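A.B. asks: Sending over a structure as structure tokens; questions will come in a sec.
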Amino acid sequence: MNGIFKAKRKLKRFYIVFCACLMTLTLSSCFDFVEQIDLKSDRSGHIAATLNLSKSKTKVSSLMKMKSIKGIQIPSQAAMEKEIRSAVQLLKQTKGISNVQYKTDFTNYIVNISCDFSQIESLNAFSDILANRFKTKISNSNRYYYNAQSNVFERKFVASADWKAKFNQLGTDNTTQFADAFYTQIVRFEKPVVSQANSQAKVAGNKKGVLLKLPFMDLVYGKSSLANKITLTK
Amino acid sequence: MKSKFILVGLAYLSFVTSVKAQDLIKQIPEDAEMIAAFNMKDIVQKANANKLNELLQKTGFFEKSGISANNDIKNLGVDLSQTAYFYTRKTDSVSFTEFIFSLNNKGQFEKLLHEAGEPKALSNGYTSIGLKAGSMLVYNDQVARFISATTNTTFLDNDSVASRYGIKKVDYVARPSDDDEAWADTTVAAVDSAAVVWEEDERLAPPVAVAVEPDTVVLGATEVLPPVVDIAAIAADAAADAAADAAADAADMHDPGYYDSLYTAYEDQNRKNDSIRNGLRDKWLLSEATRLLSGSYKSLSNADQEKVIKNLGLIRLYVPHVEDLYRGLTPYTSLPYYYMGIKLDKFKTGYQDGILDLLQEGSVLKLKGSVGLDKELAEMSKRMYARKPNSKFNKYLTDKTLGFFNVNINSEAYLREMPAYMAKYYSGLLGPQQDVVEWGLMALEIALDEKAIAQVMPGDHLVVVNGLRKFKKDYIDYTYDDDYNATEVKKTKEETLPVFIWMFTSKDQRLIKKGLEMAVSKQVGHIHDGIYTFSTKKAMDFPMYVLLKEDLVMVSNDSLSLNDIRQNKMAAPVNKDFVKLMKQNKMSAAIDLQKLPAMLKEMGVAPGKQWEATMAQLNQYGSTAITSKGVVGNRAEVEMSTRLPQTSDGAISYLLDQIITELNKK
């Protein structure tokens with residue numbers, strides 16, 4: 001019986017967060033998700049993920065003033081903060097992850113979570129924990145690999161059919177409102193980049209970084225991909 | 001001579017019709033709690049019988065019910081020219097509802113019921129058919145009555161009542177560790193002591209069958225979590241989590257091993273109790289039907305009958321005693337109120353009867369409500385709402401106005417009357433604290449200078465939404481240098497938002513002006529060209545502006561509008577309909593639906609494809625308004641109306657058209 005209650009509790013918590021994400025994503029059309037990775041040659045590094053809704057803050061703040069809309073519960077600021085703290089706690093307990101920091105700005109609606117990782121696998125754990133915790137998994141597969149011997153950093157990414165189906169349900173007139181939503185990924189290295197495989201990515205002036213900024217809808221519909229293979233100098 | 005015949009015939013017909021309607025209403029017992037009257041003739045006429053048939057046909061009514069009525073409601077055997085009634089009646093043990101309607105062809109009506117069961121002769125010439133549990137349909141040549149009963153659970157929860165009917169109370173909860181004796185009296189042990197032998201560890205953890213909210217677990221930073229999270233397990237766990245939890249729920253609930261003997265005994269006793277309850281309900285239902293059919297109950301009083309049928313629109317809901325209904329709905333016997341000394345049974349509302357009417361006036365659909373007030377409350381309310389809106393408000397209701405809200409109270413009378421009002425109607429609630437509260441209210445009455453306060457804010461308020469304006473809004477973005485190091489930058493974008501102005505009369509503006517100047521001196525705001533500006537803060541997305549002009553105080557989110565007002569540049573013509581609405585009422589709120597589609601488009605709000613047709617049609621709609629004339633006679637009145645697109649058949653018919661169009665799309 002205890003198990004049932006625990007499960008219900010868990011589901012309730014997830015439901016709140018799921019609704020928050022859904023409301024945020026469906027009713028506020030402009031947002032930026034920025035992921036910055038600094039990778040060292042020993043496979044350790046630092047990652048910072050930022051969700052910036054400040055372009056839509058009028059809409060978000062209006063939504064936050066309601067308790068629910070169309071039967072979907074809108075979580076309070078306190079509930080959101082509590083969830084973020086829980087995610088941070090989970091990250092702190094994760095093997096290979098340290099120096100977990102988070103910052104919330106509910107005036108501009110910006111959330112930032114960052115941490116150090118000791119191995120590339122921990123980076124995958126970081127992504128999985130946040131995606132699962134906030135039910136925002138936009139890919140079926142999102143994995144980072146770094147082979148220190150061959151000096152190849154690789155990100156594998158397969159768009160999720162679930163998200164595509166969810167967006168299709170919104171109808172084209174609603175999905176067009178996401179034209180100003182972007183996913184930005186920046187990866188910086190200690191060594192210069194020799195080559196990179198994503199045609200939409202750009203290499204930094206000092207050759208030690210790669211930037212990939214994609215419209216969110218292109219990612220959802222599989223028109224663009226975060227997948228990339230970056231080869232560094234030996 | 002011929003015309004005389006016709007006149008006499010018509011008079012006779014109308015007499016017969018009215019007698020028939022009155023006959024039906026006489027079947028309603030005098031202690032009915034709530035009564036609804038359906039003017040079937042008007043409904044069928046205004047909805048247009050052909051459209052109703054089409055609607056019922058499209059919704060599958062005739063098909064699903066197996067009705068051989070040739071797809072025509074006129075062939076149901078129901079007399080659609082007569083008013084039908086619904087009412088509820090309550091005793092301490094059971095609640096009854098009855099729906100009464102006239103028949104014009106018993107044979108046709110009986111054909112509808114061929115699948116429901118075998119008709120049986122009941123009493124007083126009535127035939128009965130049992131429908132779903134707890135309800136029955138009885139009918140004769142002229143009338144059909146659908147009666148249903150629901151037992152009052154709290155009545156049977158009472159120990160002495162329950163034992164009188166053989167109901168044994170059982171709980172299925174964890175045994176309290178400090179109250180073994182009491183537990184022995186109330187648990188299943190009392191039902192079958194041989195079946196339950198408590199082991200020490202069992203007694204602490206039997207499954208809980210009563211509805212209990214799961215413990216609240218604090219999830220903050222202090223939450224206790226496993227020391228180390230296995231990376232591989234997280235991904236697998238998260239993916240399988242929801243599915244596994246749901247599966248565990250389902251599996252647990254269906255596994256016979258999940259239930260123990262305690263649970264079985266509990267279920268057995270509950271089944272016995274349920275069958276006793278159901279038996280009682282059916283017995284009481286039959287007894288109620290017999291009494292109703294034999295006319296044992298005194299009919300609704302003539303005064304109440306008149307209130308139900310006089311000037312009946314399409315549908316009327318009538319509550320003879322609003323205060324009783326309110327008390328019935330309030331859990332005044334609950335323990336928290338008891339311990340707090342609050343006696344809700346002593347609470348007086350001053351409300352008498354309540355009426356809610358659904359009316360159609362051409363293309364306008366109205367919902368009109370009123371509540372009768374006792375003499376003292378009516379007089380008091382009249383004094384409290386004795387105020388007209390400032391005539392200067394008129395020019396701010398222009399043809400650009402999307403919507404407005406106006407309320408007019410007499411704040412001087414309000415402050416003066418409120419202590420007496422609270423003492424009369426609420427003090428009974430407070431039990432031992434009554435004297436203290438009355439003393440406090442009196443002190444407040446003495447302390448406040450109503451006349452002076454009324455000079456600062458006499459009580460007339462108007463909020464207008466006058467179109468849209470583009471506002472500049474800051475947001476945070478990122479720029480990247482050549483090496484892709486991100487820097488946070490502040491950018492500005494334009495957002496189109498509705499412009500509102502809230503205004504109220506203030507003949508003595510010294511207090512407000514002093515407050516505004518104090519805010520300026522403390523640099524909370526600043527003043528420019530006579531307009532006070534308060535900048536954006538967390539709780540306020542846009543700056544607020546305040547203007548004091550003549551005897552008006554105006555607060556807005558748009559400085560340009562206030563600037564226009566300050567310089568008397570408001571050039572838009574007055575919206576006469578809105579002004580009329582405001583002047584004729586103590587409270588009014590209206591929205592011009594025609595303007596809504598253009599406004600939403602300009603704001604960049606896309607309501608979605610499914611709303612496209614509706615949005616396009618809004619151009620043909622008129623205003624939707626909620627108004628109240630305050631207290632008229634001894635009744636507090638409120639009205640809600642929507643002007644639907646003009647069609648030859650009227651509002652209801654238009655609504656049916658819309659529903660049929662939607663059904664045709666499927």
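Naming works like this for the structure tokens: A, B, ... for the chains as they're shown, residue 1 at the start of each chain, ligands 1 onward in shown order.
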Find the residues around Ala227 in chain A up to 6 Å (only C-alpha atoms counted), leave out those fewer than 2 positions away in its own chain, and share them as a list in words.

C.D. replies: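 Counting only the stated atoms, we get Arg155, Lys156, Phe157 and Ser225 of chain A.
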
A.B. asks: Could you pull out all residues of range 389-550 of chain B with a DSSP call of strand (DSSP E) and give them as a PyMOL selection string?

C.D. replies: chain B and resi 401-408+460-480+486-505+525-528+531-534+544-549

A.B. asks: Could you give me, as an NGL selection string, the residues within 8 Å of Lys507 in chain B, counting only C-alpha atoms and dropping anything in the same chain fewer than 6 positions from it?

C.D. replies: :B and (455-457 or 551-552)

A.B. asks: Separation of CA of Thr127 in chain B and CA of Phe86 in chain B, in Å?

C.D. replies: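 Atom-to-atom, CA of Thr127 in chain B to CA of Phe86 in chain B, that is 19.8 Å.
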
A.B. asks: In Å, rounded to a single decimal, give me how far CA of His461 in chain B is from CA of Asn410 in chain B.

C.D. replies: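 For CA of Asn410 in chain B relative to CA of His461 in chain B, the distance reads 11.0 Å.
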
A.B. asks: Need the shell around Gln149 in chain A: protein/DNA/RNA residues with any atom at most 9 Å away, counting only C-alpha atoms. Skip same-chain ones fewer than 3 positions apart. Format as an NGL selection string?

C.D. replies: :A and (146 or 152 or 234)

A.B. asks: Taking only C-alpha atoms into account, name the residue in B:Asn390, B:Ser95, B:Asn485, B:Gln567 that is nearest to Asn206 in chain A.

C.D. replies: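 That would be B:Asn485, the residue with the smallest distance to Asn206 in chain A.
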
A.B. asks: Can you tell me which residues surround Phe471 in chain B at a distance of at most 7 Å, considering only C-alpha atoms, apart from same-chain residues fewer than 5 positions away, and format the answer as a PyMOL selection string?

C.D. replies: chain B and resi 494-496

A.B. asks: Just to be explicit: take each residue in the selection above, keep N, CA and C atoms, and write the result as a short mmCIF file (atom, residue, chain, number, x, y, z; two decimals), in the first residue's frame.

C.D. replies:
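The new file out-v8.cif reads:
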data_model
loop_
_atom_site.label_atom_id
_atom_site.label_comp_id
_atom_site.auth_asym_id
_atom_site.auth_seq_id
_atom_site.Cartn_x
_atom_site.Cartn_y
_atom_site.Cartn_z
N GLU B 494 8.57 44.96 -28.69
CA GLU B 494 7.25 45.57 -28.54
C GLU B 494 6.19 44.49 -28.34
N GLU B 495 5.29 44.75 -27.41
CA GLU B 495 4.19 43.83 -27.20
C GLU B 495 2.88 44.60 -27.26
N THR B 496 1.89 44.02 -27.91
CA THR B 496 0.59 44.70 -28.00
C THR B 496 -0.31 44.19 -26.88
#

A.B. asks: Just the number, please: distance in Å from CA of Arg188 in chain A to CA of Lys95 in chain A, one decimal.

C.D. replies: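 Going from CA of Arg188 in chain A over to CA of Lys95 in chain A covers 23.0 Å.
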
A.B. asks: So which residues touch range 305-307 of chain B within 8 Å, counting only C-alpha atoms, skipping near sequence neighbours fewer than 6 positions away, as an MDAnalysis selection string?

C.D. replies: chainID B and resid 25:26 318

A.B. asks: Give me, as a CSV table (one decimal) with N, CA and C atoms, in the first residue's frame, all polymer residues having an atom no more than 7 Å from Ile230 in chain A, counting only C-alpha atoms and skipping those fewer than 3 positions away in the same chain.

C.D. replies:
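Heads up, here's the output in part-v2.csv:
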chain,number,residue,atom,x,y,z
A,152,VAL,N,38.0,12.5,-30.6
A,152,VAL,CA,36.7,12.7,-31.3
A,152,VAL,C,35.6,12.9,-30.2
A,153,PHE,N,34.9,14.0,-30.4
A,153,PHE,CA,33.8,14.2,-29.5
A,153,PHE,C,32.6,14.0,-30.4
A,154,GLU,N,31.6,13.2,-29.9
A,154,GLU,CA,30.4,12.9,-30.7
A,154,GLU,C,29.2,13.1,-29.9
A,193,VAL,N,39.7,22.6,-33.0
A,193,VAL,CA,38.8,21.7,-33.8
A,193,VAL,C,39.4,21.6,-35.2
A,195,SER,N,37.7,19.4,-37.5
A,195,SER,CA,36.6,19.3,-38.4
A,195,SER,C,35.3,19.0,-37.5
A,196,GLN,N,34.2,19.4,-38.1
A,196,GLN,CA,32.9,19.0,-37.4
A,196,GLN,C,31.9,18.7,-38.5
A,197,ALA,N,30.9,17.8,-38.2
A,197,ALA,CA,30.1,17.2,-39.2
A,197,ALA,C,28.7,17.8,-39.4

A.B. asks: Could you check the closest approach to chain A for each of B:Arg643, B:Arg566, B:Lys472, B:Lys382 and tell me which residue wins, using only C-alpha atoms?

C.D. replies: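 Looking only at the distances to chain A, the closest residue turns out to be B:Lys472.
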
A.B. asks: Select, from B:Gln509, B:Asp477, B:Val632, B:Leu644, the residue with the minimum atom-to-atom distance to chain A, counting only C-alpha atoms.

C.D. replies: B:Asp477

A.B. asks: Out of B:Thr479, B:Thr290, B:Ser381, B:Gln352, which residue has the shortest atom-to-atom distance to chain A when counting only C-alpha atoms?

C.D. replies: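 The answer is B:Thr479, which sits nearest to chain A.
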
A.B. asks: Taking the DSSP secondary structure from the backbone, can you list the residues of range 27-139 of chain A that are helix (DSSP H, G or I), as a ChimeraX atom specification?

C.D. replies: /A:27,54-64,77-92,120-133

A.B. asks: Output N, CA and C atoms of each residue in that selection to a file, as a CSV table (one decimal), in the first residue's frame.

C.D. replies:
chain,number,residue,atom,x,y,z
A,27,LEU,N,2.0,27.7,-24.4
A,27,LEU,CA,1.4,29.0,-24.4
A,27,LEU,C,2.3,30.1,-24.4
A,54,SER,N,12.4,34.9,-21.0
A,54,SER,CA,12.1,36.3,-20.7
A,54,SER,C,11.5,37.0,-21.9
A,55,LYS,N,11.6,36.5,-23.1
A,55,LYS,CA,11.0,37.1,-24.3
A,55,LYS,C,9.4,36.9,-24.1
A,56,SER,N,9.0,35.9,-23.4
A,56,SER,CA,7.6,35.7,-23.2
A,56,SER,C,7.1,35.9,-21.8
A,57,LYS,N,7.9,36.8,-21.1
A,57,LYS,CA,7.6,36.9,-19.7
A,57,LYS,C,6.2,37.5,-19.4
A,58,THR,N,5.6,38.3,-20.3
A,58,THR,CA,4.3,38.8,-20.0
A,58,THR,C,3.3,37.6,-20.0
A,59,LYS,N,3.4,36.7,-21.0
A,59,LYS,CA,2.5,35.6,-21.1
A,59,LYS,C,2.7,34.7,-19.9
A,60,VAL,N,4.0,34.4,-19.6
A,60,VAL,CA,4.3,33.5,-18.5
A,60,VAL,C,3.7,34.0,-17.2
A,61,SER,N,4.0,35.3,-17.0
A,61,SER,CA,3.5,35.9,-15.7
A,61,SER,C,2.0,35.9,-15.7
A,62,SER,N,1.3,36.1,-16.8
A,62,SER,CA,-0.2,36.0,-16.8
A,62,SER,C,-0.6,34.6,-16.5
A,63,LEU,N,0.1,33.6,-17.0
A,63,LEU,CA,-0.2,32.2,-16.8
A,63,LEU,C,-0.1,31.9,-15.3
A,64,MET,N,1.1,32.4,-14.8
A,64,MET,CA,1.4,32.1,-13.4
A,64,MET,C,0.3,32.7,-12.4
A,77,GLN,N,5.1,29.5,-8.2
A,77,GLN,CA,6.6,29.7,-8.3
A,77,GLN,C,7.2,28.8,-7.2
A,78,ALA,N,6.6,28.7,-6.1
A,78,ALA,CA,7.1,27.8,-5.0
A,78,ALA,C,7.2,26.4,-5.4
A,79,ALA,N,6.2,25.9,-6.1
A,79,ALA,CA,6.2,24.5,-6.6
A,79,ALA,C,7.3,24.3,-7.6
A,80,MET,N,7.5,25.3,-8.5
A,80,MET,CA,8.6,25.2,-9.5
A,80,MET,C,9.9,25.2,-8.8
A,81,GLU,N,10.1,26.1,-7.9
A,81,GLU,CA,11.4,26.1,-7.2
A,81,GLU,C,11.7,24.8,-6.5
A,82,LYS,N,10.7,24.3,-5.9
A,82,LYS,CA,10.8,23.0,-5.1
A,82,LYS,C,11.3,21.9,-6.1
A,83,GLU,N,10.7,21.9,-7.3
A,83,GLU,CA,11.0,20.8,-8.2
A,83,GLU,C,12.5,21.0,-8.7
A,84,ILE,N,12.9,22.3,-8.9
A,84,ILE,CA,14.3,22.5,-9.3
A,84,ILE,C,15.2,22.1,-8.2
A,85,ARG,N,14.9,22.4,-7.0
A,85,ARG,CA,15.7,22.0,-5.9
A,85,ARG,C,15.9,20.5,-5.8
A,86,SER,N,14.7,19.8,-6.1
A,86,SER,CA,14.8,18.3,-6.1
A,86,SER,C,15.7,17.8,-7.2
A,87,ALA,N,15.6,18.4,-8.3
A,87,ALA,CA,16.5,18.0,-9.4
A,87,ALA,C,17.9,18.2,-9.1
A,88,VAL,N,18.2,19.3,-8.4
A,88,VAL,CA,19.6,19.7,-8.0
A,88,VAL,C,20.1,18.6,-7.0
A,89,GLN,N,19.2,18.3,-6.1
A,89,GLN,CA,19.6,17.3,-5.1
A,89,GLN,C,19.9,16.0,-5.7
A,90,LEU,N,19.1,15.6,-6.7
A,90,LEU,CA,19.3,14.4,-7.5
A,90,LEU,C,20.7,14.4,-8.2
A,91,LEU,N,21.0,15.6,-8.8
A,91,LEU,CA,22.2,15.7,-9.5
A,91,LEU,C,23.4,15.6,-8.5
A,92,LYS,N,23.2,16.2,-7.3
A,92,LYS,CA,24.3,16.2,-6.3
A,92,LYS,C,24.7,14.8,-5.9
A,120,ILE,N,32.6,11.7,-19.2
A,120,ILE,CA,31.6,12.1,-20.3
A,120,ILE,C,30.3,11.4,-20.0
A,121,GLU,N,30.3,10.2,-19.3
A,121,GLU,CA,29.1,9.4,-19.0
A,121,GLU,C,28.2,10.3,-18.1
A,122,SER,N,28.9,11.0,-17.2
A,122,SER,CA,28.2,11.8,-16.2
A,122,SER,C,27.4,12.9,-16.9
A,123,LEU,N,27.9,13.4,-18.1
A,123,LEU,CA,27.2,14.4,-18.9
A,123,LEU,C,25.9,13.8,-19.4
A,124,ASN,N,25.9,12.5,-19.8
A,124,ASN,CA,24.7,11.9,-20.2
A,124,ASN,C,23.7,11.8,-19.0
A,125,ALA,N,24.2,11.5,-17.8
A,125,ALA,CA,23.4,11.4,-16.7
A,125,ALA,C,22.7,12.8,-16.4
A,126,PHE,N,23.5,13.8,-16.5
A,126,PHE,CA,23.0,15.2,-16.3
A,126,PHE,C,21.8,15.5,-17.2
A,127,SER,N,21.9,15.1,-18.5
A,127,SER,CA,20.9,15.4,-19.5
A,127,SER,C,19.7,14.5,-19.2
A,128,ASP,N,19.9,13.2,-18.8
A,128,ASP,CA,18.8,12.3,-18.6
A,128,ASP,C,18.0,12.7,-17.3
A,129,ILE,N,18.8,13.1,-16.3
A,129,ILE,CA,18.1,13.5,-15.0
A,129,ILE,C,17.2,14.7,-15.3
A,130,LEU,N,17.7,15.7,-15.9
A,130,LEU,CA,16.9,16.9,-16.2
A,130,LEU,C,15.7,16.6,-17.1
A,131,ALA,N,16.0,15.9,-18.2
A,131,ALA,CA,14.9,15.6,-19.1
A,131,ALA,C,13.8,14.7,-18.5
A,132,ASN,N,14.2,13.7,-17.6
A,132,ASN,CA,13.2,12.9,-17.0
A,132,ASN,C,12.5,13.7,-15.9
A,133,ARG,N,13.2,14.4,-15.2
A,133,ARG,CA,12.6,15.2,-14.1
A,133,ARG,C,11.6,16.1,-14.6

A.B. asks: Using only C-alpha atoms, which of the listed residues (B:Ile476, B:Leu548, B:Met136, B:Val579) sits closest to chain A?

C.D. replies: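 Of all the options, B:Ile476 lies closest to chain A.
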